[in-house]
>>> print(open('structure_34.cif').read())   # mmCIF, C-alpha atoms and all ligand atoms
data_coords
#
loop_
_atom_site.label_atom_id
_atom_site.label_comp_id
_atom_site.auth_asym_id
_atom_site.auth_seq_id
_atom_site.Cartn_x
_atom_site.Cartn_y
_atom_site.Cartn_z
CA MET A 1 9.13 -17.27 -10.95
CA LYS A 2 10.93 -15.83 -7.95
CA ALA A 3 9.13 -15.45 -4.61
CA VAL A 4 9.91 -14.64 -0.98
CA CYS A 5 9.34 -17.87 0.93
CA TRP A 6 8.92 -18.59 4.60
CA MET A 7 11.45 -21.32 5.35
CA GLY A 8 11.07 -21.47 9.12
CA THR A 9 11.00 -19.07 12.06
CA GLU A 10 13.20 -16.04 11.30
CA LYS A 11 14.20 -17.58 8.02
CA MET A 12 12.98 -16.16 4.73
CA THR A 13 14.64 -16.57 1.38
CA VAL A 14 13.98 -15.79 -2.27
CA GLU A 15 13.27 -19.07 -4.03
CA THR A 16 12.45 -20.12 -7.56
CA VAL A 17 8.97 -21.64 -7.48
CA PRO A 18 6.39 -22.75 -10.09
CA ASP A 19 4.34 -19.94 -11.70
CA PRO A 20 0.73 -19.82 -10.47
CA THR A 21 -2.00 -21.03 -12.79
CA ILE A 22 -5.77 -20.55 -13.00
CA LEU A 23 -7.36 -23.19 -10.73
CA ASN A 24 -10.95 -21.95 -10.53
CA PRO A 25 -13.12 -20.10 -13.07
CA ARG A 26 -13.12 -16.85 -11.09
CA ASP A 27 -9.32 -16.74 -10.66
CA ALA A 28 -7.02 -14.18 -12.21
CA ILE A 29 -3.25 -14.19 -12.50
CA VAL A 30 -1.67 -10.86 -11.62
CA ARG A 31 1.84 -9.90 -12.64
CA ILE A 32 3.04 -8.03 -9.60
CA THR A 33 4.61 -4.60 -10.07
CA SER A 34 4.69 -3.47 -6.42
CA THR A 35 4.29 -5.28 -3.15
CA CYS A 36 4.95 -4.48 0.46
CA ILE A 37 6.13 -5.92 3.71
CA CYS A 38 3.42 -5.56 6.33
CA GLY A 39 3.78 -5.28 10.09
CA SER A 40 1.73 -8.44 10.38
CA ASP A 41 4.37 -10.29 8.33
CA LEU A 42 6.45 -10.01 11.48
CA HIS A 43 4.04 -12.40 13.21
CA LEU A 44 4.94 -14.97 10.58
CA TYR A 45 8.63 -14.14 10.65
CA ASN A 46 8.90 -14.54 14.42
CA GLY A 47 6.78 -17.68 14.51
CA LEU A 48 3.86 -16.23 16.47
CA MET A 49 1.28 -17.39 13.93
CA PRO A 50 0.93 -21.18 13.69
CA THR A 51 0.24 -23.23 10.54
CA MET A 52 2.95 -21.79 8.31
CA GLU A 53 4.71 -24.39 6.23
CA GLN A 54 8.18 -24.38 4.76
CA GLY A 55 8.11 -22.82 1.30
CA ASP A 56 4.94 -20.75 1.81
CA ILE A 57 4.99 -17.58 -0.30
CA MET A 58 4.77 -14.39 1.75
CA GLY A 59 3.01 -11.12 1.06
CA HIS A 60 -0.57 -10.10 1.54
CA GLU A 61 -0.84 -6.70 -0.17
CA PHE A 62 0.22 -6.17 -3.74
CA MET A 63 -0.57 -4.47 -7.00
CA GLY A 64 0.02 -5.28 -10.62
CA GLU A 65 -1.41 -6.09 -14.00
CA VAL A 66 -3.96 -8.80 -14.81
CA VAL A 67 -2.34 -11.17 -17.30
CA GLU A 68 -4.85 -14.02 -17.35
CA ILE A 69 -8.44 -14.56 -16.17
CA GLY A 70 -10.64 -17.59 -15.77
CA GLY A 71 -13.85 -18.16 -17.72
CA GLY A 72 -16.06 -17.24 -14.75
CA VAL A 73 -14.68 -13.75 -14.07
CA ASP A 74 -17.19 -10.98 -14.79
CA ARG A 75 -15.61 -9.24 -17.83
CA GLN A 76 -17.45 -6.01 -17.02
CA LYS A 77 -15.45 -5.81 -13.83
CA LEU A 78 -12.06 -7.19 -14.80
CA LYS A 79 -10.16 -8.03 -17.95
CA VAL A 80 -6.65 -8.86 -19.05
CA GLY A 81 -4.50 -5.72 -19.07
CA ASP A 82 -6.28 -4.05 -16.12
CA ARG A 83 -4.06 -2.63 -13.43
CA VAL A 84 -5.22 -3.55 -9.95
CA VAL A 85 -4.54 -3.07 -6.26
CA VAL A 86 -5.26 -6.35 -4.47
CA PRO A 87 -6.40 -6.20 -0.83
CA PHE A 88 -5.38 -9.03 1.47
CA THR A 89 -8.90 -10.28 2.16
CA ILE A 90 -10.25 -12.84 -0.29
CA ALA A 91 -14.02 -12.51 -0.68
CA CYS A 92 -16.57 -14.34 -2.83
CA GLY A 93 -18.95 -11.40 -3.19
CA ARG A 94 -22.03 -13.59 -2.81
CA CYS A 95 -22.27 -14.96 0.73
CA PHE A 96 -24.19 -13.40 3.63
CA PHE A 97 -21.15 -11.46 4.86
CA CYS A 98 -20.01 -10.29 1.42
CA GLN A 99 -23.54 -9.00 0.74
CA GLN A 100 -23.04 -6.67 3.70
CA GLN A 101 -19.56 -5.76 2.48
CA LEU A 102 -18.00 -7.54 5.47
CA TRP A 103 -15.33 -8.94 3.15
CA SER A 104 -12.98 -10.15 5.87
CA CYS A 105 -15.74 -12.46 7.17
CA CYS A 106 -16.43 -14.13 3.80
CA ASP A 107 -17.82 -17.62 4.33
CA ASN A 108 -16.51 -19.10 1.08
CA SER A 109 -12.84 -18.20 0.77
CA ASN A 110 -11.18 -20.13 3.57
CA PRO A 111 -11.08 -23.86 2.79
CA ASN A 112 -9.30 -24.46 6.09
CA TYR A 113 -11.97 -22.69 8.16
CA TRP A 114 -12.10 -25.62 10.60
CA ILE A 115 -8.53 -24.96 11.80
CA ALA A 116 -9.30 -21.26 12.33
CA GLU A 117 -12.52 -22.15 14.16
CA LYS A 118 -10.64 -24.48 16.45
CA MET A 119 -8.03 -21.84 17.25
CA MET A 120 -10.10 -18.65 17.33
CA GLY A 121 -13.73 -19.73 17.69
CA TYR A 122 -14.71 -18.34 14.28
CA SER A 123 -13.02 -18.26 10.92
CA PRO A 124 -12.41 -15.09 8.97
CA SER A 125 -12.06 -15.06 5.18
CA GLY A 126 -9.01 -16.46 3.45
CA LEU A 127 -6.04 -14.10 3.34
CA PHE A 128 -3.15 -13.91 0.91
CA GLY A 129 0.17 -15.14 2.24
CA TYR A 130 -1.05 -15.64 5.76
CA THR A 131 -0.89 -19.20 7.13
CA HIS A 132 -2.72 -22.36 6.25
CA MET A 133 -5.43 -21.80 8.81
CA LEU A 134 -6.37 -18.73 6.75
CA GLY A 135 -6.46 -20.61 3.49
CA GLY A 136 -2.83 -21.31 2.65
CA TYR A 137 -2.95 -18.88 -0.29
CA ALA A 138 0.35 -17.97 -1.93
CA GLY A 139 1.11 -14.29 -1.31
CA GLY A 140 2.23 -11.36 -3.37
CA GLN A 141 5.90 -11.00 -2.54
CA ALA A 142 6.46 -12.74 -5.83
CA GLN A 143 6.48 -12.06 -9.54
CA TYR A 144 2.97 -13.44 -10.05
CA ALA A 145 0.00 -14.33 -7.85
CA ARG A 146 -3.25 -16.20 -8.33
CA VAL A 147 -6.17 -14.05 -7.18
CA PRO A 148 -9.37 -16.00 -6.43
CA PHE A 149 -12.79 -14.30 -6.87
CA ALA A 150 -10.91 -11.74 -8.92
CA ASP A 151 -14.01 -9.73 -9.85
CA VAL A 152 -14.64 -8.88 -6.17
CA GLY A 153 -11.50 -7.89 -4.28
CA PRO A 154 -9.12 -6.19 -6.70
CA ILE A 155 -9.52 -2.45 -7.06
CA LYS A 156 -9.05 -1.31 -10.64
CA ILE A 157 -6.82 1.65 -11.33
CA GLU A 158 -8.46 3.54 -14.17
CA ASN A 159 -6.53 4.04 -17.37
CA GLY A 160 -4.88 7.38 -17.81
CA ILE A 161 -2.92 7.03 -14.64
CA GLY A 162 0.34 5.90 -16.15
CA ARG A 163 3.27 4.61 -14.26
CA ILE A 164 5.28 7.62 -13.16
CA SER A 165 8.67 7.58 -11.63
CA THR A 166 11.34 9.95 -10.48
CA HIS A 167 15.03 9.51 -10.06
CA ALA A 168 15.94 10.21 -6.45
CA ASP A 169 18.04 9.35 -3.45
CA ALA A 170 15.57 7.10 -1.63
CA ASN A 171 17.10 7.63 1.81
CA ARG A 172 17.07 11.40 1.61
CA LEU A 173 13.51 11.44 0.29
CA LYS A 174 12.50 9.15 3.12
CA GLN A 175 13.84 11.78 5.51
CA VAL A 176 11.69 14.43 3.77
CA PHE A 177 8.54 12.29 3.93
CA LEU A 178 9.18 11.43 7.57
CA ASN A 179 9.64 15.10 8.45
CA LEU A 180 6.45 16.12 6.67
CA SER A 181 4.51 13.30 8.33
CA LEU A 182 5.85 14.13 11.79
CA ASN A 183 5.01 17.82 11.31
CA ALA A 184 1.48 16.84 10.31
CA PHE A 185 1.00 14.68 13.40
CA ARG A 186 2.42 17.40 15.65
CA ALA A 187 -0.07 19.88 14.21
CA MET A 188 -3.05 17.67 14.99
CA PRO A 189 -4.77 16.50 18.15
CA PRO A 190 -4.45 12.76 18.88
CA GLY A 191 -6.43 10.71 16.37
CA GLY A 192 -5.97 13.26 13.57
CA LYS A 193 -5.72 11.89 10.07
CA LEU A 194 -2.85 12.39 7.67
CA GLY A 195 -3.70 11.95 4.00
CA VAL A 196 -0.88 11.08 1.59
CA LYS A 197 -1.60 11.26 -2.12
CA LEU A 198 0.69 10.45 -5.01
CA GLY A 199 -0.07 11.83 -8.43
CA TRP A 200 1.13 13.53 -11.54
CA ALA A 201 1.07 17.29 -11.95
CA PRO A 202 0.59 17.82 -15.72
CA GLN A 203 0.42 21.62 -15.46
CA PHE A 204 4.21 21.82 -15.40
CA PRO A 205 6.30 21.38 -18.56
CA GLY A 206 7.08 17.69 -18.89
CA GLY A 207 4.91 16.99 -15.83
CA LEU A 208 6.02 16.50 -12.26
CA VAL A 209 5.50 13.78 -9.71
CA GLN A 210 3.35 15.29 -6.96
CA ILE A 211 3.17 13.93 -3.42
CA ASP A 212 0.73 15.62 -1.05
CA PHE A 213 0.72 15.42 2.74
CA ARG A 214 -2.61 16.76 4.00
CA ASP A 215 -3.33 17.16 7.69
CA GLU A 216 -6.42 18.31 9.60
CA GLY A 217 -4.38 20.29 12.09
CA ARG A 218 -4.31 23.81 13.37
CA GLY A 219 -2.98 25.22 10.09
CA LEU A 220 -0.65 28.16 9.64
CA ALA A 221 -1.42 31.87 9.73
CA PRO A 222 -0.90 33.49 6.28
CA GLU A 223 1.87 35.75 7.57
CA LEU A 224 3.91 32.68 8.61
CA LEU A 225 3.82 30.92 5.25
CA ASP A 226 6.84 32.82 3.88
CA ARG A 227 8.92 31.99 6.93
CA ILE A 228 8.35 28.28 7.50
CA TYR A 229 11.39 27.20 5.48
CA GLU A 230 13.79 29.45 7.41
CA PRO A 231 16.25 27.41 9.50
CA GLY A 232 15.26 27.75 13.14
CA PHE A 233 11.64 28.65 12.43
CA THR A 234 9.19 26.46 14.33
CA THR A 235 5.67 26.52 15.68
CA THR A 236 6.37 23.61 18.01
CA PRO A 237 7.93 24.58 21.33
CA GLY A 238 11.16 22.68 21.91
CA SER A 239 11.67 21.74 18.25
CA PRO A 240 14.91 22.90 16.61
CA GLY A 241 12.92 23.97 13.53
CA LEU A 242 15.17 22.34 10.99
CA GLY A 243 12.62 19.98 9.46
CA LEU A 244 11.18 22.12 6.69
CA ALA A 245 14.50 23.84 5.90
CA VAL A 246 16.05 20.41 5.33
CA CYS A 247 13.04 19.21 3.32
CA LYS A 248 13.24 22.22 1.00
CA LYS A 249 16.96 21.78 0.48
CA VAL A 250 16.70 18.05 -0.32
CA ILE A 251 13.82 18.57 -2.73
CA GLU A 252 15.59 21.42 -4.52
CA GLN A 253 18.70 19.29 -4.83
CA HIS A 254 16.50 16.83 -6.71
CA GLY A 255 15.37 19.58 -9.08
CA GLY A 256 11.96 19.82 -7.43
CA GLU A 257 10.08 22.19 -5.21
CA ILE A 258 7.81 22.20 -2.18
CA ARG A 259 4.63 24.23 -1.81
CA VAL A 260 2.15 24.63 0.99
CA LYS A 261 -1.52 25.52 1.19
CA SER A 262 -2.80 26.24 4.66
CA LYS A 263 -5.76 27.75 6.44
CA PRO A 264 -5.80 28.41 10.18
CA GLN A 265 -7.85 25.74 12.00
CA GLN A 266 -8.47 23.84 8.75
CA GLY A 267 -5.15 22.14 8.20
CA SER A 268 -2.23 22.27 5.82
CA THR A 269 -1.26 20.48 2.63
CA PHE A 270 2.41 20.25 1.76
CA SER A 271 2.99 19.29 -1.87
CA VAL A 272 6.32 17.92 -2.99
CA TYR A 273 7.01 18.18 -6.73
CA LEU A 274 9.77 16.12 -8.34
CA PRO A 275 10.83 15.85 -11.97
CA VAL A 276 9.51 12.84 -13.87
CA SER A 277 12.15 10.53 -15.23
CA GLY A 278 12.13 7.30 -17.15
CA ALA A 279 14.27 5.56 -14.58
CA ASN A 280 12.68 3.74 -11.70
CA VAL A 281 12.80 5.18 -8.21
ZN ZN B 301 -0.96 -6.21 6.01
ZN ZN B 302 -18.22 -14.21 0.63
#
>>> encode(input="structure_34.cif", output="structure tokens")
Amino acid sequence: MKAVCWMGTEKMTVETVPDPTILNPRDAIVRITSTCICGSDLHLYNGLMPTMEQGDIMGHEFMGEVVEIGGGVDRQKLKVGDRVVVPFTIACGRCFFCQQQLWSCCDNSNPNYWIAEKMMGYSPSGLFGYTHMLGGYAGGQAQYARVPFADVGPIKIENGIGRISTHADANRLKQVFLNLSLNAFRAMPPGGKLGVKLGWAPQFPGGLVQIDFRDEGRGLAPELLDRIYEPGFTTTPGSPGLGLAVCKKVIEQHGGEIRVKSKPQQGSTFSVYLPVSGANV
């Protein structure tokens, strides 16, 4: 398979490496459909974190489809064909810490705990794609990954949520999502939470991809809702007020639309709808 490998400080390359195999009864092999680059990968890239070795496979958050499971995996919880999101902490589910749902402190998933103890005083759990002192587990920036204790960590995505995609200009959509996120943060006091939800809106003919941005901010008065997409309209002093006008234009150019639900003092939800297409984003 192909995998992103750490080859030295500031040196990462895509290499062909052996496919992972089941090593322990509670392992699963996941065929990865999406993965991400995390901010903490930078600590590996720039050499801040010790105990990386040349050829280590990067990536500690990923999702995909279970293609193989070991004999000890609880079939009630996980089976071949399940789609899963895999968190970066590896947890046994049975130790003192796991019993209290303190997964990142699992006592059984870091075989190299003694290095971590030497360096940090205590050892956390093993982590995917994150140094040998945290277990030396191959990560998920690859086509496949071995997931230990697979009936504990992976979060199953229930059937019925199919893979949906839309055909779009990724850079322009990024601008839209950034604008909507920035607006949400501007509307909230520090520490406010922005919720982003991706889904499928079946109520439209053919269905639409729906992406919601929900904030807990000051909301918008009903009489303003018709005006927010006008160029120059803003509720933020000093802002040119182009954000939502641009968002609307970009989304309409993609054959979609944007809608807002808002209540004063309770927050706003901006929903972006885009046509579903067979092609990948
Ligand atoms: Zn991360
Ligand atoms: Zn544990």
>>> residues_around(input="structure_34.cif", residues="segment 90-92 of chain A", least_positions_apart="6", cutoff="10 Å", atoms="all atoms listed in the file", output="PyMOL selection string")
chain A and resi 26+98-99+101-110+124-128+134-135+137+147-154
>>> atom_distance(input="structure_34.cif", atom1="atom CA of Pro205 of chain A", atom2="atom CA of Lys248 of chain A")
20.8 Å
>>> residues_near_ligand(input="structure_34.cif", ligand="ligand ZN 301 (chain B)", cutoff="10 Å", atoms="only C-alpha atoms and all ligand atoms", output="VMD selection string")
chain A and resid 36 to 42 59 to 62 87 to 89 127 to 130
>>> atom_distance(input="structure_34.cif", atom1="atom CA of Lys11 of chain A", atom2="atom CA of Thr51 of chain A")
15.3 Å
>>> closest_residue(input="structure_34.cif", among="A:Trp6, A:Tyr45, A:Phe185, A:Phe97", to="ligand ZN 302 (chain B)", atoms="all atoms listed in the file")
A:Phe97
